[in-house]
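Trainee: I have a structure I would like to understand better, so I am pasting it below and will then ask my questions one at a time.
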There are 2 protein chains.
Amino acid sequence: MSAVTLSQVAREAGVSLATASRVLNGSDRRPAEHIAERVRNAAETLGYVANAQAQALARSTTGLVGLVVHDIADPYFSSIAKGVQRRARADRRQLLLAATDGTDQLDAVAAFAAHRTDAIIMAGSRRREIDPRLLAELTRYQKNGGRVVTIGQAWLEGAGSVTIDNRGAGAGLTDMLIRAGRTRFAFLGGPEELASAAERRAGFYWALERAGLTAEAELTEGFNSQGGYEAARGLLERLGPDAVRGLTVVVGNDVMALGAIAGFRHAGLLVPDDLWVAGFDDIPNLRDFSPGLTTVRFPLEQIGEAAADIALSHDEVRIQHVVGEIVRRESA
Amino acid sequence: MSAVTLSQVAREAGVSLATASRVLNGSDRRPAEHIAERVRNAAETLGYVANAQAQALARSTTGLVGLVVHDIADPYFSSIAKGVQRRARADRRQLLLAATDGTDQLDAVAAFAAHRTDAIIMAGSRRREIDPRLLAELTRYQKNGGRVVTIGQAWLEGAGSVTIDNRGAGAGLTDMLIRAGRTRFAFLGGPEELASAAERRAGFYWALERAGLTAEAELTEGFNSQGGYEAARGLLERLGPDAVRGLTVVVGNDVMALGAIAGFRHAGLLVPDDLWVAGFDDIPNLRDFSPGLTTVRFPLEQIGEAAADIALSHDEVRIQHVVGEIVRRESA
DNA sequence: TTGAAAGCGCTAACAT
DNA sequence: ATGTTAGCGCTTTCAA
């Protein structure tokens, strides 16, 4: 990575380092136009590309923002990432992306801290019990002037946040279904350590209880398509096809719900003919799916943008709350 | 972004800067264990986090790899990104991600060059006619020691590449369909400037021609779900529902194919009852889709990994060719 | 084995 | 308005 340096440009243009810096890399002081011209020409002919590392060192700010997601191939996270990216680019910031597959959030945060990102956005599924080392790392990062924004819940003191009303979504969705006349329910959820999974489940039970109903079954699997598939098969195994017929199955998220529908279908049960299924998020690929999945919409890209906005804003740390919107389609 | 510096650690430990550097941030020279211990303790109590920018400046290598995609929310690209990320992490590299929405690849590359990424992976849809400024920027980047890897086609001299056999896939898929007895075809494709779109289309026509067949229609729309939907509606408008019935519709990629199927469905035409549809890529969310989509599988995550592998490998630039595998499902 | 010191490329006081 | 120069935090050669 050798490259043309500023001083080479300065020499070529016959000006000082400082002048070259001023014309090439913004400054409030504007050198005379004829000299600026000379510098620009020199830069052009030499092929100068500013060294962001050196600038970062000198300016003590990197223009980097870090995003931690669980799985970038999951439409939930990739939609959020798209929003973050868009907002970051509007500010000419670069995005450092880490996909953690769940475990090594700590590594990712440490790497971001080392790279002195100006902000870190945590979209990774928050575990209910947060690794104290992760907490310590983030806290230190904040103490050093870094801004952190959490998506989902506001689980870090001093951090900005875009909170998602998972519990309300679970309750609202279930409630709507009950009012639509449904009485027989089951829940397929993700690991209870995932806060969002746990909250959606809690909302589900809260609505059920309020209506004097009880769930006929609950299964827990991975918070992904495969998990949904397995949960569906597990439900069938546990209850038998006859009992599953007529059930309204609330599933922890859309990706998992699609997997569950596939699982039921492979067992010969069709949604919405034999049973009903609903999910959460309203991920973009739902659009092409048939039957249309009843779900609770969270505007994922906007959530990403909002998180980036908080991360990049210079005023006080904000917490923004997002409430889902129930979208009724054919599946339930 | 103030933070504890190495010299603070060195002072605290009562050793020189050099020694502290050697124990904390790897080196072939290993200080005595008892002194290393002291340094590590000092770093721990002070909360030292190495400054990657400073290290980059001193070492003249950043440990960054840049990835340019078209749309990170598109499963094609997010799957590739997942593979790249995985491989990068195995090398403890950080991933700089840019989503370009098609146009500003140049900006993205310039930013990566400024950040002195060790490598740049271009997964963005390559336009047939490459912006000469983009070419110039990448060439300069290479001249300065940066490695670039292109995914799709090998369109940059001196760059590594994971090439995708789009033409072969188009021909193979169509050929298979013809041998299965299909005679009436249509093609729904993406913009002709996109190299992959154009190649798949070329393969389609090549196979058709060889069999003495001609396409009954061809439409071009956006290379995404929405484009597929519109193309389907357009096809219906052009040919009328009766002529569309019995058609085998080859679509430029899976995302677009799913959109097309939805478009047909909304018009009352069901796949595979009324017509057939096939796509390309075998994106992961196909798994839950019904009817199962006949497609040509390209191992997206592996392609990403391979690209990263070439980008990070120290030996000569490699070009790896990936041939698709036809996956026959219910849709065609 | 350990330390001193010269950079790495740039910015921003401070001088002129 | 332009130039000089002292860092920014770290690595690495060269001496000790």
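Every chain in the structure tokens has a letter given in the order shown (A, B, ...), and although residue numbers restart at 1 in each chain, ligands are simply numbered from 1 in the order shown.
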Do you know which residues are at most 7 Å from stretch 1-15 of chain C counting only C-alpha atoms (C1' of nucleotides), after dropping those on the same chain fewer than 5 positions away, and could you put them as a PyMOL selection string?
Mentor: (chain A and resi 5+51+54-55+58-59) or (chain B and resi 16+19+31+57-58)
Trainee: Compute the set of chain A residues within 6 Å of chain B, using only C-alpha atoms, and express it as a PDB file with N, CA and C atoms, in the first residue's frame.
Mentor:
ATOM      1  N   MET A   1       0.809  -1.209   0.000  1.00  0.00           N
ATOM      2  CA  MET A   1       0.000   0.000   0.000  1.00  0.00           C
ATOM      3  C   MET A   1       0.843   1.260   0.000  1.00  0.00           C
ATOM      4  N   SER A   2       1.841   1.266  -0.831  1.00  0.00           N
ATOM      5  CA  SER A   2       2.523   2.541  -0.985  1.00  0.00           C
ATOM      6  C   SER A   2       1.596   3.409  -1.817  1.00  0.00           C
ATOM      7  N   ALA A   3       1.810   4.662  -1.798  1.00  0.00           N
ATOM      8  CA  ALA A   3       0.937   5.532  -2.578  1.00  0.00           C
ATOM      9  C   ALA A   3       1.524   6.918  -2.531  1.00  0.00           C
ATOM     10  N   VAL A  49      -4.219   9.945  -3.385  1.00  0.00           N
ATOM     11  CA  VAL A  49      -5.406   9.495  -2.659  1.00  0.00           C
ATOM     12  C   VAL A  49      -5.122   9.684  -1.178  1.00  0.00           C
ATOM     13  N   ALA A  50      -5.871  10.541  -0.533  1.00  0.00           N
ATOM     14  CA  ALA A  50      -5.637  10.830   0.880  1.00  0.00           C
ATOM     15  C   ALA A  50      -5.598   9.544   1.698  1.00  0.00           C
ATOM     16  N   ASN A  51      -4.759   9.514   2.663  1.00  0.00           N
ATOM     17  CA  ASN A  51      -4.662   8.348   3.540  1.00  0.00           C
ATOM     18  C   ASN A  51      -5.553   8.557   4.765  1.00  0.00           C
ATOM     19  N   ALA A  52      -6.675   7.854   4.741  1.00  0.00           N
ATOM     20  CA  ALA A  52      -7.662   8.035   5.804  1.00  0.00           C
ATOM     21  C   ALA A  52      -7.099   7.660   7.169  1.00  0.00           C
ATOM     22  N   GLN A  53      -6.182   6.713   7.197  1.00  0.00           N
ATOM     23  CA  GLN A  53      -5.603   6.303   8.485  1.00  0.00           C
ATOM     24  C   GLN A  53      -4.818   7.457   9.099  1.00  0.00           C
ATOM     25  N   ILE A  72     -25.898 -11.634   8.581  1.00  0.00           N
ATOM     26  CA  ILE A  72     -26.167 -10.659   7.520  1.00  0.00           C
ATOM     27  C   ILE A  72     -27.030 -11.255   6.412  1.00  0.00           C
ATOM     28  N   ALA A  73     -27.114 -12.574   6.340  1.00  0.00           N
ATOM     29  CA  ALA A  73     -27.949 -13.186   5.309  1.00  0.00           C
ATOM     30  C   ALA A  73     -29.404 -13.291   5.755  1.00  0.00           C
ATOM     31  N   SER A  78     -30.287  -7.823   7.252  1.00  0.00           N
ATOM     32  CA  SER A  78     -29.795  -7.166   6.046  1.00  0.00           C
ATOM     33  C   SER A  78     -30.643  -5.939   5.713  1.00  0.00           C
ATOM     34  N   SER A  79     -31.906  -5.969   6.091  1.00  0.00           N
ATOM     35  CA  SER A  79     -32.733  -4.777   5.880  1.00  0.00           C
ATOM     36  C   SER A  79     -32.273  -3.649   6.788  1.00  0.00           C
ATOM     37  N   LYS A  82     -29.134  -2.233   5.481  1.00  0.00           N
ATOM     38  CA  LYS A  82     -29.349  -1.363   4.334  1.00  0.00           C
ATOM     39  C   LYS A  82     -29.680   0.056   4.785  1.00  0.00           C
ATOM     40  N   LEU A  95     -18.897   2.076   6.564  1.00  0.00           N
ATOM     41  CA  LEU A  95     -19.527   1.101   7.442  1.00  0.00           C
ATOM     42  C   LEU A  95     -18.618  -0.098   7.663  1.00  0.00           C
ATOM     43  N   LEU A  96     -18.311  -0.370   8.908  1.00  0.00           N
ATOM     44  CA  LEU A  96     -17.570  -1.567   9.268  1.00  0.00           C
ATOM     45  C   LEU A  96     -18.604  -2.585   9.724  1.00  0.00           C
ATOM     46  N   LEU A  97     -18.649  -3.727   9.060  1.00  0.00           N
ATOM     47  CA  LEU A  97     -19.692  -4.701   9.365  1.00  0.00           C
ATOM     48  C   LEU A  97     -19.126  -5.946  10.032  1.00  0.00           C
ATOM     49  N   ALA A 114     -10.812  -0.937  18.514  1.00  0.00           N
ATOM     50  CA  ALA A 114      -9.441  -0.789  18.043  1.00  0.00           C
ATOM     51  C   ALA A 114      -9.394   0.096  16.794  1.00  0.00           C
ATOM     52  N   HIS A 115     -10.401  -0.057  15.963  1.00  0.00           N
ATOM     53  CA  HIS A 115     -10.418   0.757  14.752  1.00  0.00           C
ATOM     54  C   HIS A 115     -10.968   2.146  15.009  1.00  0.00           C
ATOM     55  N   ASN A 144     -14.394   6.446  26.329  1.00  0.00           N
ATOM     56  CA  ASN A 144     -13.385   7.026  25.441  1.00  0.00           C
ATOM     57  C   ASN A 144     -14.003   7.921  24.380  1.00  0.00           C
ATOM     58  N   GLY A 145     -15.288   8.156  24.479  1.00  0.00           N
ATOM     59  CA  GLY A 145     -15.905   9.087  23.558  1.00  0.00           C
ATOM     60  C   GLY A 145     -16.685   8.460  22.426  1.00  0.00           C
ATOM     61  N   LEU A 258     -42.061 -18.688   8.040  1.00  0.00           N
ATOM     62  CA  LEU A 258     -42.019 -19.268   6.693  1.00  0.00           C
ATOM     63  C   LEU A 258     -41.505 -20.699   6.757  1.00  0.00           C
ATOM     64  N   GLY A 259     -40.513 -20.903   7.592  1.00  0.00           N
ATOM     65  CA  GLY A 259     -39.996 -22.251   7.767  1.00  0.00           C
ATOM     66  C   GLY A 259     -41.072 -23.167   8.326  1.00  0.00           C
ATOM     67  N   ALA A 262     -43.600 -24.134   5.744  1.00  0.00           N
ATOM     68  CA  ALA A 262     -43.023 -25.177   4.893  1.00  0.00           C
ATOM     69  C   ALA A 262     -43.074 -26.520   5.605  1.00  0.00           C
ATOM     70  N   ASP A 288     -43.626 -11.748  -1.896  1.00  0.00           N
ATOM     71  CA  ASP A 288     -43.870 -12.723  -2.956  1.00  0.00           C
ATOM     72  C   ASP A 288     -44.424 -14.035  -2.441  1.00  0.00           C
TER      73      ASP A 288
END
Trainee: After a least-squares superposition on chain A using every in-order C-alpha pair, I'd like chain B written out as a compact mmCIF listing (two decimals) with C-alpha atoms, in the first residue's frame.
Mentor:
# COMPACT_ATOMS: atom_id res chain seq x y z
CA MET B 1 0.02 0.00 0.00
CA SER B 2 2.55 2.56 -0.99
CA ALA B 3 0.93 5.53 -2.61
CA VAL B 4 1.42 9.15 -3.42
CA THR B 5 1.66 11.27 -0.29
CA LEU B 6 0.59 14.76 0.44
CA SER B 7 4.13 16.01 0.64
CA GLN B 8 4.88 14.68 -2.80
CA VAL B 9 1.92 16.63 -4.06
CA ALA B 10 3.06 19.70 -2.15
CA ARG B 11 6.54 19.48 -3.61
CA GLU B 12 5.20 18.97 -7.11
CA ALA B 13 2.99 22.00 -6.70
CA GLY B 14 5.76 24.00 -5.10
CA VAL B 15 3.81 24.77 -1.96
CA SER B 16 4.03 23.74 1.64
CA LEU B 17 2.51 20.65 3.16
CA ALA B 18 0.08 22.80 5.07
CA THR B 19 -1.19 24.54 2.00
CA ALA B 20 -1.63 21.31 0.11
CA SER B 21 -3.56 19.89 3.03
CA ARG B 22 -5.79 22.92 3.16
CA VAL B 23 -6.80 22.79 -0.46
CA LEU B 24 -7.13 19.04 -0.81
CA ASN B 25 -8.70 17.99 2.43
CA GLY B 26 -11.07 20.75 3.45
CA SER B 27 -10.36 23.36 6.04
CA ASP B 28 -11.87 26.69 6.93
CA ARG B 29 -8.87 28.46 5.53
CA ARG B 30 -9.06 28.74 1.78
CA PRO B 31 -5.81 29.33 -0.09
CA ALA B 32 -5.80 31.61 -3.12
CA GLU B 33 -7.49 30.17 -6.15
CA HIS B 34 -4.47 30.13 -8.42
CA ILE B 35 -2.42 28.23 -5.89
CA ALA B 36 -5.27 25.86 -5.13
CA GLU B 37 -5.49 25.16 -8.81
CA ARG B 38 -1.83 24.21 -8.91
CA VAL B 39 -2.21 21.86 -5.99
CA ARG B 40 -5.24 20.19 -7.48
CA ASN B 41 -3.41 19.65 -10.72
CA ALA B 42 -0.43 18.15 -8.97
CA ALA B 43 -2.69 15.83 -7.01
CA GLU B 44 -4.44 14.81 -10.19
CA THR B 45 -1.34 14.06 -12.22
CA LEU B 46 0.33 12.24 -9.35
CA GLY B 47 -2.80 10.29 -8.53
CA TYR B 48 -3.04 11.33 -4.92
CA VAL B 49 -5.43 9.48 -2.65
CA ALA B 50 -5.66 10.80 0.89
CA ASN B 51 -4.67 8.32 3.56
CA ALA B 52 -7.65 7.98 5.83
CA GLN B 53 -5.57 6.28 8.51
CA ALA B 54 -3.21 9.20 8.75
CA GLN B 55 -6.07 11.63 8.73
CA ALA B 56 -7.78 9.68 11.45
CA LEU B 57 -4.66 9.79 13.54
CA ALA B 58 -4.24 13.50 13.10
CA ARG B 59 -7.88 14.42 13.43
CA SER B 60 -8.66 11.80 16.03
CA THR B 61 -11.86 10.79 14.31
CA THR B 62 -12.14 8.06 11.75
CA GLY B 63 -15.41 8.51 9.94
CA LEU B 64 -16.10 4.85 10.55
CA VAL B 65 -19.25 3.39 12.02
CA GLY B 66 -19.40 -0.19 13.15
CA LEU B 67 -22.43 -2.40 12.80
CA VAL B 68 -22.77 -5.68 14.63
CA VAL B 69 -25.40 -8.08 13.34
CA HIS B 70 -26.14 -11.65 14.08
CA ASP B 71 -26.42 -12.99 10.54
CA ILE B 72 -26.12 -10.72 7.55
CA ALA B 73 -27.90 -13.25 5.33
CA ASP B 74 -31.01 -13.02 7.47
CA PRO B 75 -33.41 -10.54 5.86
CA TYR B 76 -34.14 -8.97 9.22
CA PHE B 77 -30.54 -7.93 9.66
CA SER B 78 -29.74 -7.23 6.04
CA SER B 79 -32.68 -4.84 5.87
CA ILE B 80 -31.44 -3.04 8.92
CA ALA B 81 -27.95 -2.98 7.47
CA LYS B 82 -29.29 -1.43 4.32
CA GLY B 83 -30.83 1.39 6.30
CA VAL B 84 -27.70 1.95 8.34
CA GLN B 85 -25.58 1.96 5.23
CA ARG B 86 -27.78 4.46 3.49
CA ARG B 87 -27.71 6.88 6.37
CA ALA B 88 -23.99 6.44 6.87
CA ARG B 89 -23.26 7.12 3.26
CA ALA B 90 -25.28 10.30 3.36
CA ASP B 91 -22.69 11.44 5.91
CA ARG B 92 -19.81 10.01 3.92
CA ARG B 93 -19.07 7.55 6.67
CA GLN B 94 -17.84 4.07 5.99
CA LEU B 95 -19.48 1.02 7.45
CA LEU B 96 -17.53 -1.62 9.28
CA LEU B 97 -19.65 -4.75 9.38
CA ALA B 98 -19.35 -7.69 11.74
CA ALA B 99 -21.56 -10.74 11.60
CA THR B 100 -21.21 -12.62 14.80
CA ASP B 101 -23.24 -15.79 14.43
CA GLY B 102 -24.37 -15.05 17.91
CA THR B 103 -21.34 -15.69 19.99
CA ASP B 104 -18.43 -13.40 19.48
CA GLN B 105 -20.01 -10.00 19.80
CA LEU B 106 -17.18 -9.23 22.16
CA ASP B 107 -14.56 -9.78 19.47
CA ALA B 108 -16.46 -7.59 17.08
CA VAL B 109 -16.78 -4.75 19.54
CA ALA B 110 -13.13 -5.00 20.52
CA ALA B 111 -12.12 -4.82 16.86
CA PHE B 112 -14.33 -1.81 16.32
CA ALA B 113 -12.89 -0.12 19.37
CA ALA B 114 -9.40 -0.77 18.07
CA HIS B 115 -10.37 0.75 14.76
CA ARG B 116 -11.69 3.75 16.63
CA THR B 117 -15.08 3.73 14.93
CA ASP B 118 -16.93 6.89 15.81
CA ALA B 119 -19.96 4.82 16.74
CA ILE B 120 -21.05 1.24 17.19
CA ILE B 121 -24.52 0.01 16.37
CA MET B 122 -25.50 -3.24 18.02
CA ALA B 123 -28.20 -4.99 16.05
CA GLY B 124 -27.08 -8.42 17.11
CA SER B 125 -29.72 -10.33 18.95
CA ARG B 126 -29.35 -9.30 22.51
CA ARG B 127 -29.11 -12.14 24.94
CA ARG B 128 -31.11 -11.74 28.07
CA GLU B 129 -28.08 -12.12 30.15
CA ILE B 130 -25.45 -9.86 28.75
CA ASP B 131 -21.86 -10.97 28.88
CA PRO B 132 -20.28 -8.70 31.51
CA ARG B 133 -17.13 -8.48 29.42
CA LEU B 134 -19.17 -7.16 26.51
CA LEU B 135 -20.71 -4.63 28.82
CA ALA B 136 -17.31 -3.61 30.11
CA GLU B 137 -15.90 -3.27 26.62
CA LEU B 138 -18.78 -1.11 25.45
CA THR B 139 -18.66 1.01 28.55
CA ARG B 140 -14.98 1.68 28.11
CA TYR B 141 -15.67 2.50 24.49
CA GLN B 142 -18.23 5.05 25.57
CA LYS B 143 -15.91 6.48 28.18
CA ASN B 144 -13.37 7.05 25.43
CA GLY B 145 -15.89 9.09 23.53
CA GLY B 146 -17.48 6.45 21.33
CA ARG B 147 -21.20 6.46 20.84
CA VAL B 148 -23.17 3.27 20.91
CA VAL B 149 -26.67 2.62 19.72
CA THR B 150 -28.58 -0.53 20.47
CA ILE B 151 -31.41 -1.82 18.34
CA GLY B 152 -34.20 -3.77 19.97
CA GLN B 153 -33.93 -2.83 23.57
CA ALA B 154 -32.13 -0.09 25.43
CA TRP B 155 -29.84 -2.37 27.37
CA LEU B 156 -26.81 -0.17 27.73
CA GLU B 157 -26.64 2.84 29.96
CA GLY B 158 -25.64 5.99 28.15
CA ALA B 159 -26.31 4.46 24.77
CA GLY B 160 -28.76 5.63 22.15
CA SER B 161 -31.36 3.18 21.10
CA VAL B 162 -34.10 2.25 18.74
CA THR B 163 -36.34 0.13 20.86
CA ILE B 164 -38.78 -2.29 19.35
CA ASP B 165 -42.07 -2.96 20.99
CA ASN B 166 -41.84 -6.73 20.87
CA ARG B 167 -44.11 -7.34 23.78
CA GLY B 168 -46.75 -5.01 22.48
CA ALA B 169 -46.50 -6.67 19.09
CA GLY B 170 -46.96 -10.11 20.57
CA ALA B 171 -49.93 -8.98 22.58
CA GLY B 172 -51.49 -6.91 19.80
CA LEU B 173 -51.19 -9.64 17.22
CA THR B 174 -52.61 -12.27 19.51
CA ASP B 175 -55.35 -9.98 20.61
CA MET B 176 -56.36 -9.28 17.05
CA LEU B 177 -56.47 -12.97 16.34
CA ILE B 178 -58.61 -13.61 19.39
CA ARG B 179 -61.05 -10.92 18.38
CA ALA B 180 -61.17 -12.55 14.98
CA GLY B 181 -62.60 -15.55 16.74
CA ARG B 182 -59.59 -17.76 17.23
CA THR B 183 -59.52 -19.76 20.41
CA ARG B 184 -56.96 -22.51 19.93
CA PHE B 185 -53.37 -21.28 20.01
CA ALA B 186 -49.81 -22.52 19.93
CA PHE B 187 -46.53 -20.68 20.04
CA LEU B 188 -43.32 -21.43 18.19
CA GLY B 189 -40.50 -19.29 19.47
CA GLY B 190 -36.80 -18.71 19.45
CA PRO B 191 -34.39 -19.34 22.28
CA GLU B 192 -35.54 -17.75 25.48
CA GLU B 193 -32.18 -16.07 25.99
CA LEU B 194 -32.91 -13.85 23.02
CA ALA B 195 -34.62 -10.83 24.43
CA SER B 196 -36.82 -10.21 21.41
CA ALA B 197 -37.94 -13.83 21.31
CA ALA B 198 -38.77 -13.78 24.97
CA GLU B 199 -40.70 -10.52 24.77
CA ARG B 200 -42.84 -11.56 21.86
CA ARG B 201 -43.68 -14.72 23.66
CA ALA B 202 -44.54 -12.79 26.82
CA GLY B 203 -46.90 -10.58 24.85
CA PHE B 204 -48.55 -13.63 23.37
CA TYR B 205 -49.25 -15.14 26.78
CA TRP B 206 -50.37 -11.88 28.23
CA ALA B 207 -53.06 -11.50 25.57
CA LEU B 208 -54.10 -15.10 25.90
CA GLU B 209 -54.42 -14.88 29.62
CA ARG B 210 -56.41 -11.73 29.46
CA ALA B 211 -58.88 -13.55 27.24
CA GLY B 212 -58.97 -16.51 29.55
CA LEU B 213 -57.33 -18.78 27.05
CA THR B 214 -54.36 -21.09 27.33
CA ALA B 215 -51.92 -22.25 24.69
CA GLU B 216 -52.17 -25.83 23.61
CA ALA B 217 -48.45 -26.12 23.01
CA GLU B 218 -45.24 -24.19 22.84
CA LEU B 219 -42.00 -25.15 21.15
CA THR B 220 -38.64 -23.48 21.08
CA GLU B 221 -36.18 -23.81 18.24
CA GLY B 222 -33.61 -21.75 16.41
CA PHE B 223 -34.78 -18.27 15.44
CA ASN B 224 -34.45 -19.04 11.73
CA SER B 225 -36.10 -20.87 8.89
CA GLN B 226 -34.71 -24.22 9.87
CA GLY B 227 -35.89 -23.69 13.43
CA GLY B 228 -39.38 -22.90 12.19
CA TYR B 229 -39.43 -26.02 10.10
CA GLU B 230 -38.37 -28.16 12.99
CA ALA B 231 -40.76 -26.51 15.38
CA ALA B 232 -43.63 -27.25 13.02
CA ARG B 233 -42.62 -30.87 12.75
CA GLY B 234 -42.21 -31.03 16.49
CA LEU B 235 -45.65 -29.58 17.03
CA LEU B 236 -47.16 -32.20 14.76
CA GLU B 237 -45.36 -34.91 16.58
CA ARG B 238 -46.43 -33.65 19.95
CA LEU B 239 -50.07 -32.94 19.23
CA GLY B 240 -50.76 -35.10 16.21
CA PRO B 241 -52.13 -33.76 12.91
CA ASP B 242 -55.73 -33.73 14.06
CA ALA B 243 -55.10 -31.48 17.00
CA VAL B 244 -52.92 -29.21 14.93
CA ARG B 245 -55.74 -28.68 12.49
CA GLY B 246 -57.60 -25.52 13.37
CA LEU B 247 -54.78 -24.20 15.50
CA THR B 248 -53.57 -20.63 15.26
CA VAL B 249 -49.81 -20.75 15.45
CA VAL B 250 -47.99 -17.59 16.42
CA VAL B 251 -44.34 -17.78 15.44
CA GLY B 252 -41.51 -15.65 16.86
CA ASN B 253 -40.52 -14.06 13.59
CA ASP B 254 -41.30 -14.14 9.89
CA VAL B 255 -38.28 -16.12 8.82
CA MET B 256 -39.16 -18.79 11.31
CA ALA B 257 -42.83 -18.60 10.33
CA LEU B 258 -42.02 -19.27 6.69
CA GLY B 259 -40.01 -22.27 7.77
CA ALA B 260 -42.90 -23.44 9.89
CA ILE B 261 -45.35 -23.11 7.04
CA ALA B 262 -43.03 -25.19 4.90
CA GLY B 263 -42.81 -27.74 7.67
CA PHE B 264 -46.59 -28.01 7.92
CA ARG B 265 -46.90 -28.20 4.16
CA HIS B 266 -44.44 -31.05 3.92
CA ALA B 267 -46.56 -32.88 6.43
CA GLY B 268 -49.62 -32.30 4.32
CA LEU B 269 -51.12 -29.42 6.27
CA LEU B 270 -51.90 -26.29 4.35
CA VAL B 271 -52.06 -22.73 5.62
CA PRO B 272 -54.64 -21.25 5.83
CA ASP B 273 -56.83 -24.24 4.96
CA ASP B 274 -55.83 -26.50 7.81
CA LEU B 275 -54.35 -24.11 10.31
CA TRP B 276 -53.27 -20.51 10.67
CA VAL B 277 -49.84 -19.00 11.10
CA ALA B 278 -48.67 -15.50 11.94
CA GLY B 279 -45.24 -13.95 12.39
CA PHE B 280 -43.38 -10.75 13.18
CA ASP B 281 -41.28 -8.21 11.27
CA ASP B 282 -42.77 -8.09 7.78
CA ILE B 283 -39.48 -8.85 6.08
CA PRO B 284 -39.35 -7.77 2.43
CA ASN B 285 -39.45 -11.21 0.85
CA LEU B 286 -42.89 -11.77 2.31
CA ARG B 287 -44.16 -9.82 -0.60
CA ASP B 288 -43.83 -12.75 -2.97
CA PHE B 289 -44.92 -15.39 -0.56
CA SER B 290 -48.23 -17.15 -0.78
CA PRO B 291 -50.24 -17.32 1.35
CA GLY B 292 -49.62 -13.76 2.42
CA LEU B 293 -48.29 -13.92 5.96
CA THR B 294 -50.14 -12.12 8.70
CA THR B 295 -47.51 -10.33 10.72
CA VAL B 296 -46.53 -7.29 12.70
CA ARG B 297 -44.62 -4.87 10.57
CA PHE B 298 -41.49 -3.21 11.83
CA PRO B 299 -39.95 -0.86 9.30
CA LEU B 300 -36.56 -2.50 9.27
CA GLU B 301 -34.72 -0.20 6.91
CA GLN B 302 -36.03 2.83 8.70
CA ILE B 303 -34.99 1.33 11.99
CA GLY B 304 -31.49 1.00 10.59
CA GLU B 305 -31.55 4.57 9.37
CA ALA B 306 -32.81 5.82 12.69
CA ALA B 307 -30.10 3.96 14.54
CA ALA B 308 -27.44 5.42 12.28
CA ASP B 309 -29.01 8.81 12.69
CA ILE B 310 -28.72 8.62 16.44
CA ALA B 311 -25.20 7.27 16.13
CA LEU B 312 -24.09 10.13 13.94
CA SER B 313 -26.02 12.96 15.48
CA HIS B 314 -24.05 15.33 17.58
CA ASP B 315 -26.62 16.22 20.11
CA GLU B 316 -27.64 14.22 23.09
CA VAL B 317 -28.23 10.52 22.96
CA ARG B 318 -31.74 9.69 21.86
CA ILE B 319 -33.97 6.73 22.41
CA GLN B 320 -36.56 6.18 19.77
CA HIS B 321 -39.38 3.75 20.22
CA VAL B 322 -40.86 1.80 17.36
CA VAL B 323 -44.28 0.26 17.61
CA GLY B 324 -45.28 -2.45 15.18
CA GLU B 325 -48.21 -2.30 12.87
CA ILE B 326 -50.37 -5.37 12.47
CA VAL B 327 -50.67 -6.49 8.88
CA ARG B 328 -53.44 -8.96 8.31
CA ARG B 329 -53.03 -11.21 5.33
CA GLU B 330 -54.38 -14.61 4.37
CA SER B 331 -52.30 -16.81 6.62
CA ALA B 332 -54.18 -16.01 9.80
Trainee: Do me a favour and pick out the residues of chain D within 7 Å of chain A, using only C-alpha atoms (C1' of nucleotides), as a list in words.
Mentor: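 For chain D, the answer reads DA1, DT2, DG3 and DC8 of chain D.
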Trainee: Going by DSSP on the backbone, which bits of stretch 77-205 of chain A are helix (DSSP H, G or I)? Write them as a PyMOL selection string, please.
Mentor: chain A and resi 77-90+105-114+132-143+166-179+195-205
